[in-house]
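The structure appears below as structure tokens.
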Amino acid sequence: MSVTSERHDGSGLIGEVHAPHESAGATHQSNTEHDHKHDFEVAEVLRVVFVALAAAAVWFHLWEPFHRVSVIGLAATLIGGYPIFKEALENIVERRMTMELSMTLALVSALAIGEFFTALVITGFVLAAEILEGLTVGRGRRAIEDMLDFLPQTASVLRNDMIVEVPTQTIVPGEIVVIRPGSRIPVDGQVVSGHSFVEQAAITGEPMPSEKTTGSDVYAGTINQTGSLQVRADRLGKETTFGKIIEAVEKAERSRAPIQKTADRLAGYLVYFALGAALLTFLLTHNIRSTISVIIVAGACGIAAGTPLAILGAIGRAARQGAIIKGGIYLEALGRLHTVFLDKTGTVTFGEPAVAQVHPEHGLSETMLLQAAASAERGSEHPLGRAIVRYAEKEKIPTSESSDFRYEVGRGIVAQVQGERIAVGNQAHLLSLGVEVPAQTLVFRGISVLVAGGDRYYGSIAVEDQVRPGAAAAVKALEAMNIRVILLTGDTQSAAEAVADQLGIIHLHADLLPQQKAIEVAAHTKHGRIVAMLGDGINDAPALIKANVGVAMGSGTDVARESADVVLIGNDLEKFVETVRIARRCRAIIFQNFYGTLIVDAIGIGLAAAGVLNPLLAAFIHVASELTFILNSTRLLPQSVI
């Protein structure tokens, strides 16, 4: 048995991703095709009913003008089994060995020995199973296709100081879209005014609504809950994050993972094995009923249909969790992952320095130290100076105006604050100004920024790149799955070690140029390891390409996202961990189907060859086992979020 993939066009699962203005036409087309599909299912059900009635007529011998031949049985088998015979003929032309071909041989053999009732029941079982399989696989595809309904057809836009309702296709980038409470957001953009909470589980997988204020990013397809928002439209239609999800799932459905090709080969081998076992059974027993039972009991559709369904479900579930996987091959690689390389800046950290610790000298308070440093740095554009000023503002520490500001490259700054010279910089800078710096300057992590007032040493401030929340938990979870985690960075050894200590990473490589990162990744892949590389910048693109799976952070550069095989929406590393779990679960389910099919077929063929199974019971086992394995694959399908 096989399940034909229903497609909206000839290209893939849901065809081309349409812009919002195309959705109305697409919806109409989808409805029309749904009606045709509904008609098709009705016709198939009627075919099963016809075969069942014919089987009843044969059982009760209602009309049998010939002694050895049942006209009703022969005609009903040929008419009812037409889809099976048709596909078997096509497979012969294409020189492919499939279950339809083996079933055709079984039906022809049953008819040849006068088992008309058996042939009809087998035909009914096969047709009913195909309907159930089609419904099951169709549910899997609809679970993904349902996302197409998320984008609204109209939107409220601010034009000429008036709010007007317009079709979404007329919105242009840069326009202000007004999002009312309870409505879906039609564009990707940035909030320019308003305050609200947005339910964005369909895009990021976050279970709780996310608070949105001025400057927050919002995604098309998410739901505004409480207040009104004014959003600057940045991306529309298929360019939105939502559109990219649909496009990625559609491409992934078209692509064939290596394990799917293995499944197809295994299904073919099972057919050969069943036919060989049937021939051997006939040669040893000369029992045609046992021979037919051997052919019938062997089934491989649980593998052939279940494998792509599991892959589709896994990619769809990952998309709902906030990770866009660009193909089944990358999903499979994630399921076999050995090593994960993490870029530091922008990936596991925010890429923005922040004050971590404050160490005032004896006799001074933290407030006095920060007040002096922040006042001197008010006019500085240096990242470390700006980090000190931001921290002082956050702690509500008042600062004073400075004058005579002077910056010395590679050393620090000097400024006059309330008539006193304040110096902020490294040890060499303070020593050059005649300030005596204690030998045991305490800084536990990060970069040590020293502060002096006049000739007196005030203390030190530790500034470091902040680690993203959840990064340490993600590293711990990966290592719990026996995945080796390695930190790669172009930063200094000390800065890399500081971050690695916070994350619990043992292995790291610092002071690397972009090409050196790529060489490091390539060295692991050459040794047969399955490697993933997570990065966010242009400098990470070479390493992303060299890895088996390149993973880009959602906030990263366009170059990184285009070079990557997986894109994380947002910057939560725990989304990557969840994606790896989904990939492993998908792989486990596929192998459950593999081994389950082999076990059922081996036992079934043995019992059929021994005469324990008659053709009817063999057909029941065939259908029941295949549906069990297909339903096993549906466990990965994402739940509807509508």
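Chain labels A, B, ... are given in the sequence in which chains occur in the structure tokens; within each chain residues are numbered consecutively from 1, and ligands are likewise numbered from 1 in the order shown.
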Taking the DSSP secondary structure from the backbone, can you list the residues of segment 415-526 of chain A that are strand (DSSP E), as a PyMOL selection string?
chain A and resi 415-417+420-425+447-453+456-467+484-488+507-509
Just write the chosen residues, C-alpha atoms, as an mmCIF file, in the first residue's frame.
```cif
data_model
loop_
_atom_site.group_PDB
_atom_site.id
_atom_site.type_symbol
_atom_site.label_atom_id
_atom_site.label_comp_id
_atom_site.auth_asym_id
_atom_site.auth_seq_id
_atom_site.Cartn_x
_atom_site.Cartn_y
_atom_site.Cartn_z
ATOM 1 C CA ALA A 415 38.909 64.156 32.615
ATOM 2 C CA GLN A 416 38.330 66.921 35.138
ATOM 3 C CA VAL A 417 35.341 66.315 37.401
ATOM 4 C CA GLU A 420 39.649 66.897 40.320
ATOM 5 C CA ARG A 421 41.530 64.817 37.764
ATOM 6 C CA ILE A 422 39.816 61.446 37.236
ATOM 7 C CA ALA A 423 41.640 58.739 35.308
ATOM 8 C CA VAL A 424 39.947 55.585 34.043
ATOM 9 C CA GLY A 425 41.834 52.886 32.151
ATOM 10 C CA ILE A 447 38.304 43.155 31.879
ATOM 11 C CA SER A 448 39.684 45.189 34.762
ATOM 12 C CA VAL A 449 39.013 48.937 34.451
ATOM 13 C CA LEU A 450 41.031 50.894 37.030
ATOM 14 C CA VAL A 451 39.953 54.272 38.446
ATOM 15 C CA ALA A 452 41.980 56.995 40.159
ATOM 16 C CA GLY A 453 41.208 60.465 41.537
ATOM 17 C CA ARG A 456 44.911 58.301 44.698
ATOM 18 C CA TYR A 457 43.847 54.846 43.518
ATOM 19 C CA TYR A 458 40.045 54.518 43.823
ATOM 20 C CA GLY A 459 39.508 50.895 42.865
ATOM 21 C CA SER A 460 38.618 48.672 39.924
ATOM 22 C CA ILE A 461 35.496 47.812 37.936
ATOM 23 C CA ALA A 462 35.126 44.447 36.208
ATOM 24 C CA VAL A 463 33.417 44.720 32.822
ATOM 25 C CA GLU A 464 32.465 41.617 30.875
ATOM 26 C CA ASP A 465 30.281 40.445 28.041
ATOM 27 C CA GLN A 466 27.000 39.245 29.559
ATOM 28 C CA VAL A 467 26.073 35.618 29.107
ATOM 29 C CA ARG A 484 30.611 17.618 23.284
ATOM 30 C CA VAL A 485 30.434 21.421 23.514
ATOM 31 C CA ILE A 486 33.371 23.580 22.336
ATOM 32 C CA LEU A 487 33.593 27.385 22.541
ATOM 33 C CA LEU A 488 35.109 29.157 19.514
ATOM 34 C CA HIS A 507 36.934 22.900 25.728
ATOM 35 C CA LEU A 508 37.592 26.265 24.073
ATOM 36 C CA HIS A 509 39.667 27.909 21.341
#
```
Using DSSP on the backbone, list every residue of segment 467-525 of chain A that comes out as helix (DSSP H, G or I), and give them as JSON, numbers by chain.
{"A": [471, 472, 473, 474, 475, 476, 477, 478, 479, 480, 493, 494, 495, 496, 497, 498, 499, 500, 501, 502, 503, 514, 515, 516, 517, 518, 519, 520, 521, 522, 523, 524, 525]}
For Ala495 of chain A, the closest of A:Ala510, A:Ala608, A:Val580, A:Leu544 counting only C-alpha atoms is A:Ala510
I'd like a table as a Markdown table: residues in segment 293-341 of chain A with an atom no more than 12 Å from segment 111-122 of chain A, each row giving the shortest atom pair and its distance in Å to one decimal, only C-alpha atoms counted, sorted by chain and rising residue number.
```
| residue | atom | partner | partner_atom | distance |
| --- | --- | --- | --- | --- |
| A:Ser293 | CA | A:Ile122 | CA | 10.5 |
| A:Ile295 | CA | A:Ile122 | CA | 11.6 |
| A:Ile296 | CA | A:Ile122 | CA | 8.4 |
| A:Val297 | CA | A:Ile122 | CA | 10.6 |
```
Can I get the selection written as a compact mmCIF listing (two decimals), in the first residue's frame, with N, CA and C atoms?
```
# COMPACT_ATOMS: atom_id res chain seq x y z
N SER A 293 -0.78 -16.47 1.95
CA SER A 293 -0.72 -15.83 3.27
C SER A 293 0.65 -15.19 3.50
N ILE A 295 2.68 -13.95 1.23
CA ILE A 295 2.75 -12.72 0.43
C ILE A 295 1.96 -11.61 1.10
N ILE A 296 0.78 -11.96 1.62
CA ILE A 296 -0.12 -10.94 2.17
C ILE A 296 0.39 -10.37 3.49
N VAL A 297 0.93 -11.21 4.38
CA VAL A 297 1.23 -10.76 5.73
C VAL A 297 2.37 -9.75 5.78
```
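What separates atom CA of Gly316 of chain A from atom CA of Leu636 of chain A is a distance of 8.5 Å.
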Neighbours of Phe242 of chain A within 8 Å (only C-alpha atoms; same-chain residues fewer than 4 positions away dropped), as a PDB file with N, CA and C atoms, in the first residue's frame?
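Okay, around_13.pdb is ready:
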```
ATOM      1  N   ILE A 203       5.193  31.242  16.612  1.00  0.00           N
ATOM      2  CA  ILE A 203       6.443  31.620  15.951  1.00  0.00           C
ATOM      3  C   ILE A 203       7.655  31.233  16.792  1.00  0.00           C
ATOM      4  N   TYR A 219       6.156  39.732  15.292  1.00  0.00           N
ATOM      5  CA  TYR A 219       6.171  38.821  14.150  1.00  0.00           C
ATOM      6  C   TYR A 219       4.773  38.665  13.558  1.00  0.00           C
ATOM      7  N   ALA A 220       4.735  38.537  12.243  1.00  0.00           N
ATOM      8  CA  ALA A 220       3.466  38.263  11.560  1.00  0.00           C
ATOM      9  C   ALA A 220       2.916  36.931  12.034  1.00  0.00           C
ATOM     10  N   GLY A 221       1.583  36.856  12.174  1.00  0.00           N
ATOM     11  CA  GLY A 221       0.933  35.626  12.581  1.00  0.00           C
ATOM     12  C   GLY A 221       0.729  35.495  14.072  1.00  0.00           C
ATOM     13  N   LYS A 238       5.924  36.579   2.334  1.00  0.00           N
ATOM     14  CA  LYS A 238       6.866  35.464   2.446  1.00  0.00           C
ATOM     15  C   LYS A 238       8.222  35.888   2.988  1.00  0.00           C
ATOM     16  N   ILE A 246       7.042  28.663   6.818  1.00  0.00           N
ATOM     17  CA  ILE A 246       6.265  27.903   5.845  1.00  0.00           C
ATOM     18  C   ILE A 246       7.164  27.443   4.694  1.00  0.00           C
TER      19      ILE A 246
END
```
Using only C-alpha atoms, which residues sit within 12 Å of Leu279 of chain A once same-chain residues fewer than 2 positions away are excluded, as an mmCIF file with N, CA and C atoms, in the first residue's frame?
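Saved result, part.cif, follows:
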```cif
data_model
loop_
_atom_site.group_PDB
_atom_site.id
_atom_site.type_symbol
_atom_site.label_atom_id
_atom_site.label_comp_id
_atom_site.auth_asym_id
_atom_site.auth_seq_id
_atom_site.Cartn_x
_atom_site.Cartn_y
_atom_site.Cartn_z
ATOM 1 N N LEU A 105 -0.125 -10.014 -6.935
ATOM 2 C CA LEU A 105 0.200 -11.435 -7.086
ATOM 3 C C LEU A 105 -0.652 -12.290 -6.149
ATOM 4 N N ALA A 106 -0.848 -11.803 -4.909
ATOM 5 C CA ALA A 106 -1.654 -12.549 -3.952
ATOM 6 C C ALA A 106 -3.105 -12.630 -4.402
ATOM 7 N N TYR A 272 10.838 -8.172 -1.789
ATOM 8 C CA TYR A 272 11.625 -9.282 -2.353
ATOM 9 C C TYR A 272 11.687 -10.457 -1.381
ATOM 10 N N PHE A 273 11.893 -10.133 -0.113
ATOM 11 C CA PHE A 273 11.985 -11.184 0.898
ATOM 12 C C PHE A 273 10.668 -11.946 1.007
ATOM 13 N N ALA A 274 9.547 -11.232 0.994
ATOM 14 C CA ALA A 274 8.227 -11.874 1.087
ATOM 15 C C ALA A 274 7.978 -12.784 -0.108
ATOM 16 N N LEU A 275 8.325 -12.303 -1.299
ATOM 17 C CA LEU A 275 8.119 -13.124 -2.493
ATOM 18 C C LEU A 275 9.030 -14.354 -2.477
ATOM 19 N N GLY A 276 10.273 -14.155 -2.013
ATOM 20 C CA GLY A 276 11.183 -15.292 -1.910
ATOM 21 C C GLY A 276 10.692 -16.311 -0.895
ATOM 22 N N ALA A 277 10.186 -15.802 0.250
ATOM 23 C CA ALA A 277 9.654 -16.707 1.269
ATOM 24 C C ALA A 277 8.421 -17.440 0.761
ATOM 25 N N THR A 281 8.024 -21.362 0.440
ATOM 26 C CA THR A 281 6.887 -22.035 1.093
ATOM 27 C C THR A 281 6.165 -22.955 0.128
ATOM 28 N N PHE A 282 5.945 -22.477 -1.083
ATOM 29 C CA PHE A 282 5.240 -23.294 -2.073
ATOM 30 C C PHE A 282 6.061 -24.524 -2.461
ATOM 31 N N LEU A 283 7.384 -24.355 -2.601
ATOM 32 C CA LEU A 283 8.237 -25.481 -2.979
ATOM 33 C C LEU A 283 8.284 -26.541 -1.880
ATOM 34 N N LEU A 284 8.206 -26.100 -0.624
ATOM 35 C CA LEU A 284 8.312 -27.036 0.484
ATOM 36 C C LEU A 284 6.970 -27.655 0.865
ATOM 37 N N THR A 285 5.897 -26.856 0.787
ATOM 38 C CA THR A 285 4.593 -27.343 1.282
ATOM 39 C C THR A 285 3.593 -27.628 0.172
ATOM 40 N N HIS A 286 3.774 -27.056 -0.998
ATOM 41 C CA HIS A 286 2.809 -27.152 -2.099
ATOM 42 C C HIS A 286 1.406 -26.699 -1.668
ATOM 43 N N ASN A 287 1.390 -25.803 -0.665
ATOM 44 C CA ASN A 287 0.118 -25.284 -0.143
ATOM 45 C C ASN A 287 -0.062 -23.858 -0.647
ATOM 46 N N ILE A 288 -0.979 -23.686 -1.594
ATOM 47 C CA ILE A 288 -1.146 -22.371 -2.200
ATOM 48 C C ILE A 288 -1.721 -21.356 -1.213
ATOM 49 N N SER A 290 -1.142 -21.203 2.067
ATOM 50 C CA SER A 290 -0.025 -20.741 2.893
ATOM 51 C C SER A 290 0.873 -19.790 2.100
ATOM 52 N N THR A 291 1.074 -20.099 0.831
ATOM 53 C CA THR A 291 1.900 -19.232 -0.034
ATOM 54 C C THR A 291 1.285 -17.849 -0.160
ATOM 55 N N ILE A 292 -0.026 -17.803 -0.382
ATOM 56 C CA ILE A 292 -0.715 -16.513 -0.491
ATOM 57 C C ILE A 292 -0.633 -15.754 0.833
ATOM 58 N N SER A 293 -0.780 -16.465 1.947
ATOM 59 C CA SER A 293 -0.715 -15.825 3.266
ATOM 60 C C SER A 293 0.653 -15.194 3.500
ATOM 61 N N VAL A 294 1.716 -15.858 3.051
ATOM 62 C CA VAL A 294 3.066 -15.313 3.203
ATOM 63 C C VAL A 294 3.197 -13.995 2.453
ATOM 64 N N ILE A 295 2.678 -13.955 1.226
ATOM 65 C CA ILE A 295 2.751 -12.720 0.432
ATOM 66 C C ILE A 295 1.957 -11.606 1.103
ATOM 67 N N ILE A 605 5.475 -14.064 8.536
ATOM 68 C CA ILE A 605 5.857 -14.952 7.431
ATOM 69 C C ILE A 605 6.084 -16.369 7.942
ATOM 70 N N ALA A 609 3.826 -19.411 6.688
ATOM 71 C CA ALA A 609 4.464 -20.550 6.014
ATOM 72 C C ALA A 609 4.126 -21.871 6.704
#
```
Would you pick out the contacts of Val389 of chain A at 10 Å or less, using only C-alpha atoms, so that residues sharing its chain but fewer than 6 positions from it are not included, and give the list as a ChimeraX atom specification?
/A:354-355,370-371,373-380,383,395,397,399
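Closest to Glu626 of chain A among A:Asp455, A:Asp540, A:Glu366, A:Glu133 is A:Glu133, based on only C-alpha atoms.
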Can you pull out every residue within 8 Å of Ser210 of chain A, counting only C-alpha atoms, but drop anything in the same chain fewer than 6 positions away, and send it as a tab-separated table (two decimals) with N, CA, C and O atoms, in the first residue's frame?
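Saved result, out.tsv, follows:
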```tsv
chain	number	residue	atom	x	y	z
A	197	PHE	N	0.79	42.94	25.37
A	197	PHE	CA	1.36	41.60	25.47
A	197	PHE	C	0.93	40.83	24.22
A	197	PHE	O	-0.23	40.89	23.82
A	198	VAL	N	1.89	40.12	23.62
A	198	VAL	CA	1.63	39.42	22.36
A	198	VAL	C	1.86	37.92	22.57
A	198	VAL	O	2.89	37.50	23.09
A	199	GLU	N	0.87	37.13	22.16
A	199	GLU	CA	0.97	35.66	22.22
A	199	GLU	C	1.67	35.22	20.93
A	199	GLU	O	1.12	35.33	19.84
A	200	GLN	N	2.91	34.74	21.03
A	200	GLN	CA	3.70	34.40	19.85
A	200	GLN	C	4.22	32.97	19.88
A	200	GLN	O	5.27	32.67	19.33
```
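For the atom pair formed by atom CA of Lys261 of chain A and atom CA of Arg584 of chain A, the distance is 18.0 Å, given to one decimal.
Considering the residues A:Ala372, A:Ile79, A:Ala610, A:Val475 and counting only C-alpha atoms, Val48 of chain A has its shortest atom-to-atom contact with A:Ile79.
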